[in-house]
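Q: The structure follows.
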Amino acid sequence: MNYKMMGRFIGHILLVEAAFMAVPLAISLAQKERMAAIGFAASFGIIFVLALLLSVLCKGNKKGFRAREGLVCVGVSWIVMSLLGSLPFYISREIPLYLDALFETVSGFTTTGASILSEVEVLSKGTLYWRSFTHWLGGMGVLVFVLAVGAFGESSKGFTMHLLRAESPGPQVGKLVPKMKKTAEILYLIYMMLTIVNIIFLLLGGMPLFDSVCTAFGTAGTGGFGIKNDSIASYSPYIQNVCTVFMLLFGINFSCYYMLLLRQFYSVFKDEELRLYLGIVFGSIVLITLNLRGFYDTLEETVRHAAFQVASIVTTTGFATTDFDLWPSFSKAIILGLMVIGASAGSTGGGFKCARVLIVVRSLRRSLRRAISPQKVQVVRINNHMIDEKVLENTNAYLSAYVVILFVSFILVSIDKFSITTNITAVLSCFNNIGPGLEAVGPTCNFGDFSWLSKLVLIFDMLAGRLEIFPILILFSRSTWGRLKS
């Protein structure tokens with residue numbers, strides 16, 4: 001195990017985290033928020049010192065960097081980043097219990113949006129900014145950011161590929177260009193440009209600058225932390241529609257945007273995952289709108305709320321304009337299905353991913369054909385490309401781990417004696433990085449009443465869901481920490 005390379009990289013991650021705390025610190029000072037300023041200043045100092053120590057202690061690395069190190073490095077980085085990123089909440093006493101502060105921070109970085117807070121408007125502006133910014137940083141991935149701005153790509157063979165594959169959401173990560181570092185740069189450039197455009201459209205709707213920035217962070221990262229107690233409900237229909245459009249845009253595979261820049265319009269149009277994603281979205285909107293007839297005063301209001309909530313749940317953002325827990329059972333069943341399916345691979349959204357849904361369906365069809373014609377060679381194709389057997393094997397392994405973690409988490413959370421609906425949707429919403437569930441964890445409620453054990457389980461679920469399970473599971477494997485045979 002290349003501990004020095006891992007320690008050096010984690011040190012760089014912590015330097016980035018400390019640097020980004022300078023903005024909420026400045027906001028807190030400008031707003032004369034004394035306790036918040038103390039929280040960010042103290043956290044900055046602690047993280048900066050730890051980062052320097054790691055940089056000094058991990059000098060002189062010469063070894064290679066394998067896939068195993070990449071998975072471990074990603075898993076450990078996100079855990080350390082969350083443990084230290086929660087310090088401003090705790091030191092400022094805006095969240096008095098450290099476990100609650102950790103839950104809120106993990107929910108932010110993993111773009112889940114599940115909260116233990118019942119009153120977010122009492123938080124200081126600096127804290128509200130940091131809380132929303134964790135969504136933006138975690139959406140594309142902090143490690144991807146470091147790869148985009150750093151020079152690690154030249155320091156070790158396979159370094160950037162292993163890290164990018166371990167952190168990026170989806171069945172597989174491919175290169176947009178020959179160099180992985182350049183791919184990271186392109187991804188973040190597209191990400192930043194879409195975020196800026198989102199902010200501009202929100203400003204055009206009369207939303208204040210601070211609200212626009214925080215809302216855009218939550219939309220871009222598909223996180224869903226709002227700065228108002230009612231999320232997006234009190235904003236104008238224009239603002240709600242803008243959020244709907246941009247949530248859907250950030251749920252699309254970013255490689256599609258790169259192909260649009262290259263004017264490969266036909267390739268984007270023929271992309272099977274994109275067509276499935278859009279088909280699920282528009283089909284769900286139509287079905288829910290029909291089911292909600294008479295629930296709202298006008299057709300426009302019905303379509304607006306249906307479209308917003310479908311976009312929010314399928315992209316795993318978690319914003320809300322209405323209490324969908326009051327909707328009819330059929331509409332809630334669709335919402336439950338969208339929680340599982342999620343957005344596209346290579347987007348900032350969570351869930352099982354549309355690409356995996358395609359692979360599983362095509363694999364099932366191949367198995368049926370093999371049963372009918374055992375001698376015939378059957379392959380799985382997506383976008384007219386044959387899917388490698390390793391990808392199919394990894395998808396099946398992911399599905400198995402997905403089901404097992406959901407079941408075990410549901411059993412453990414059920415110790416708290418909430419209803420079955422509350423428990424299963426709490427686990428689904430955290431594991432799929434959505435935020436709100438149904439009943440006691442619905443859009444007007446929070447996760448504050450869960451026990452410390454359930455919160456730890458849900459924290460694990462959020463991390464495992466955001467990092468595609470394996471970078472977290474591998475940390476619990478004895479063979480991970482043993483000597484690797486060459």
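Quick note on naming: the chains in the structure tokens go A, B, ... in the order shown, residues restart at 1 in each chain, and ligands are numbered from 1 in order of appearance.
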How close does each residue of region 410-478 of chain A get to region 79-82 of chain A, giving the shortest atom pair and distance in Å to one decimal for every residue with an atom at most 12 Å away, counting only C-alpha atoms, sorted by chain and residue number, as JSON lines?

A:
{"residue": "A:Ile459", "atom": "CA", "partner": "A:Ile79", "partner_atom": "CA", "distance": 10.1}
{"residue": "A:Phe460", "atom": "CA", "partner": "A:Ile79", "partner_atom": "CA", "distance": 9.7}
{"residue": "A:Met462", "atom": "CA", "partner": "A:Ile79", "partner_atom": "CA", "distance": 11.1}
{"residue": "A:Leu463", "atom": "CA", "partner": "A:Ile79", "partner_atom": "CA", "distance": 8.1}
{"residue": "A:Ala464", "atom": "CA", "partner": "A:Ile79", "partner_atom": "CA", "distance": 10.7}
{"residue": "A:Arg466", "atom": "CA", "partner": "A:Ile79", "partner_atom": "CA", "distance": 11.9}
{"residue": "A:Leu467", "atom": "CA", "partner": "A:Ile79", "partner_atom": "CA", "distance": 11.0}
{"residue": "A:Pro471", "atom": "CA", "partner": "A:Ile79", "partner_atom": "CA", "distance": 10.9}
{"residue": "A:Ile472", "atom": "CA", "partner": "A:Ile79", "partner_atom": "CA", "distance": 9.2}
{"residue": "A:Leu475", "atom": "CA", "partner": "A:Ile79", "partner_atom": "CA", "distance": 10.9}

Q: Write the residues you've just listed into a file as a CSV table (one decimal), in the first residue's frame, and include N, CA and C atoms for each of them.

A:
chain,number,residue,atom,x,y,z
A,459,ILE,N,-25.1,7.9,7.7
A,459,ILE,CA,-23.9,8.5,7.2
A,459,ILE,C,-23.1,7.6,6.4
A,460,PHE,N,-23.0,6.3,6.8
A,460,PHE,CA,-22.4,5.3,6.0
A,460,PHE,C,-23.1,5.2,4.6
A,462,MET,N,-24.9,7.4,3.0
A,462,MET,CA,-24.6,8.6,2.2
A,462,MET,C,-23.2,8.5,1.5
A,463,LEU,N,-22.2,8.1,2.3
A,463,LEU,CA,-20.9,8.0,1.7
A,463,LEU,C,-20.8,6.9,0.7
A,464,ALA,N,-21.4,5.8,1.0
A,464,ALA,CA,-21.3,4.6,0.1
A,464,ALA,C,-22.1,4.9,-1.2
A,466,ARG,N,-22.7,7.9,-2.6
A,466,ARG,CA,-22.0,8.9,-3.4
A,466,ARG,C,-20.8,8.4,-4.1
A,467,LEU,N,-20.0,7.5,-3.4
A,467,LEU,CA,-18.8,6.9,-3.9
A,467,LEU,C,-19.0,5.6,-4.6
A,471,PRO,N,-15.5,2.1,-3.0
A,471,PRO,CA,-14.4,2.8,-2.2
A,471,PRO,C,-14.7,2.8,-0.7
A,472,ILE,N,-15.9,2.7,-0.3
A,472,ILE,CA,-16.2,2.6,1.1
A,472,ILE,C,-16.1,1.2,1.7
A,475,LEU,N,-12.7,-0.4,2.4
A,475,LEU,CA,-12.0,0.0,3.7
A,475,LEU,C,-12.2,-1.0,4.8

Q: Quick one: DSSP helix (DSSP H, G or I) residues in region 359-447 of chain A, as a ChimeraX atom specification?

A: /A:359-372,389-416,420-431,439-441

Q: Quick one: residues within 12 Å of Gln309 (chain A), only C-alpha atoms counted, chain neighbours fewer than 3 positions away excluded, as a PDB file with C-alpha atoms, in the first residue's frame?

A:
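Done, and the output landed in selection32.pdb:
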ATOM      1  CA  GLY A 224     -30.931  20.304  -2.111  1.00  0.00           C
ATOM      2  CA  ILE A 232     -38.021  26.656  -2.748  1.00  0.00           C
ATOM      3  CA  ALA A 233     -41.784  26.903  -2.035  1.00  0.00           C
ATOM      4  CA  GLN A 240     -39.137  27.272  -9.417  1.00  0.00           C
ATOM      5  CA  ASN A 241     -39.202  26.656 -13.174  1.00  0.00           C
ATOM      6  CA  CYS A 243     -34.585  25.320 -10.784  1.00  0.00           C
ATOM      7  CA  THR A 244     -36.548  22.562 -12.530  1.00  0.00           C
ATOM      8  CA  VAL A 245     -34.705  23.098 -15.812  1.00  0.00           C
ATOM      9  CA  MET A 247     -31.793  20.292 -11.989  1.00  0.00           C
ATOM     10  CA  LEU A 248     -32.572  18.274 -15.116  1.00  0.00           C
ATOM     11  CA  VAL A 281     -38.737  12.334 -16.587  1.00  0.00           C
ATOM     12  CA  PHE A 282     -41.476  13.342 -19.015  1.00  0.00           C
ATOM     13  CA  SER A 284     -43.393  10.625 -14.764  1.00  0.00           C
ATOM     14  CA  ILE A 285     -44.503  14.255 -15.095  1.00  0.00           C
ATOM     15  CA  ILE A 288     -48.281  12.493 -11.818  1.00  0.00           C
ATOM     16  CA  THR A 289     -50.081  15.450 -13.422  1.00  0.00           C
ATOM     17  CA  THR A 302     -50.200  21.099 -11.030  1.00  0.00           C
ATOM     18  CA  VAL A 303     -47.708  20.725 -13.890  1.00  0.00           C
ATOM     19  CA  ARG A 304     -45.210  23.046 -12.180  1.00  0.00           C
ATOM     20  CA  HIS A 305     -45.196  21.117  -8.911  1.00  0.00           C
ATOM     21  CA  ALA A 306     -45.185  17.743 -10.690  1.00  0.00           C
ATOM     22  CA  SER A 312     -35.778  17.092  -7.846  1.00  0.00           C
ATOM     23  CA  ILE A 313     -36.139  13.388  -7.035  1.00  0.00           C
ATOM     24  CA  VAL A 314     -34.832  11.795 -10.255  1.00  0.00           C
ATOM     25  CA  THR A 315     -31.718  14.000 -10.127  1.00  0.00           C
ATOM     26  CA  THR A 316     -31.524  13.323  -6.363  1.00  0.00           C
ATOM     27  CA  THR A 317     -31.457  17.056  -5.627  1.00  0.00           C
ATOM     28  CA  GLY A 318     -34.089  17.098  -2.903  1.00  0.00           C
ATOM     29  CA  PHE A 319     -35.494  20.622  -3.213  1.00  0.00           C
ATOM     30  CA  ALA A 320     -39.236  20.923  -2.627  1.00  0.00           C
ATOM     31  CA  THR A 321     -42.009  23.318  -3.628  1.00  0.00           C
ATOM     32  CA  THR A 322     -44.815  21.318  -2.036  1.00  0.00           C
ATOM     33  CA  ASP A 323     -45.353  18.542   0.485  1.00  0.00           C
ATOM     34  CA  PHE A 324     -45.466  15.564  -1.892  1.00  0.00           C
ATOM     35  CA  ASP A 325     -46.020  13.311   1.119  1.00  0.00           C
ATOM     36  CA  TRP A 327     -49.964  13.290  -2.780  1.00  0.00           C
ATOM     37  CA  SER A 331     -47.830   9.633  -7.358  1.00  0.00           C
ATOM     38  CA  LYS A 332     -45.821   8.703  -4.275  1.00  0.00           C
ATOM     39  CA  ILE A 334     -43.648   7.006  -8.871  1.00  0.00           C
ATOM     40  CA  ILE A 335     -41.545   9.224  -6.589  1.00  0.00           C
ATOM     41  CA  LEU A 336     -40.319   6.100  -4.795  1.00  0.00           C
ATOM     42  CA  LEU A 338     -37.457   7.695  -9.161  1.00  0.00           C
ATOM     43  CA  MET A 339     -35.531   7.579  -5.866  1.00  0.00           C
ATOM     44  CA  ILE A 434     -31.738  12.382  -2.388  1.00  0.00           C
ATOM     45  CA  PRO A 436     -36.315  13.942   1.698  1.00  0.00           C
ATOM     46  CA  PRO A 443     -40.068  17.302   2.682  1.00  0.00           C
TER      47      PRO A 443
END

Q: I'd like the neighbourhood of Ala426 (chain A) as JSON, numbers by chain, where a residue qualifies if any of its atoms comes within 10 Å (using only C-alpha atoms), though same-chain residues fewer than 6 positions away should be ignored.

A: {"A": [114, 409, 410, 413, 420, 432, 434, 435, 436, 437, 438, 439, 440, 441, 442, 446, 447, 454, 458]}
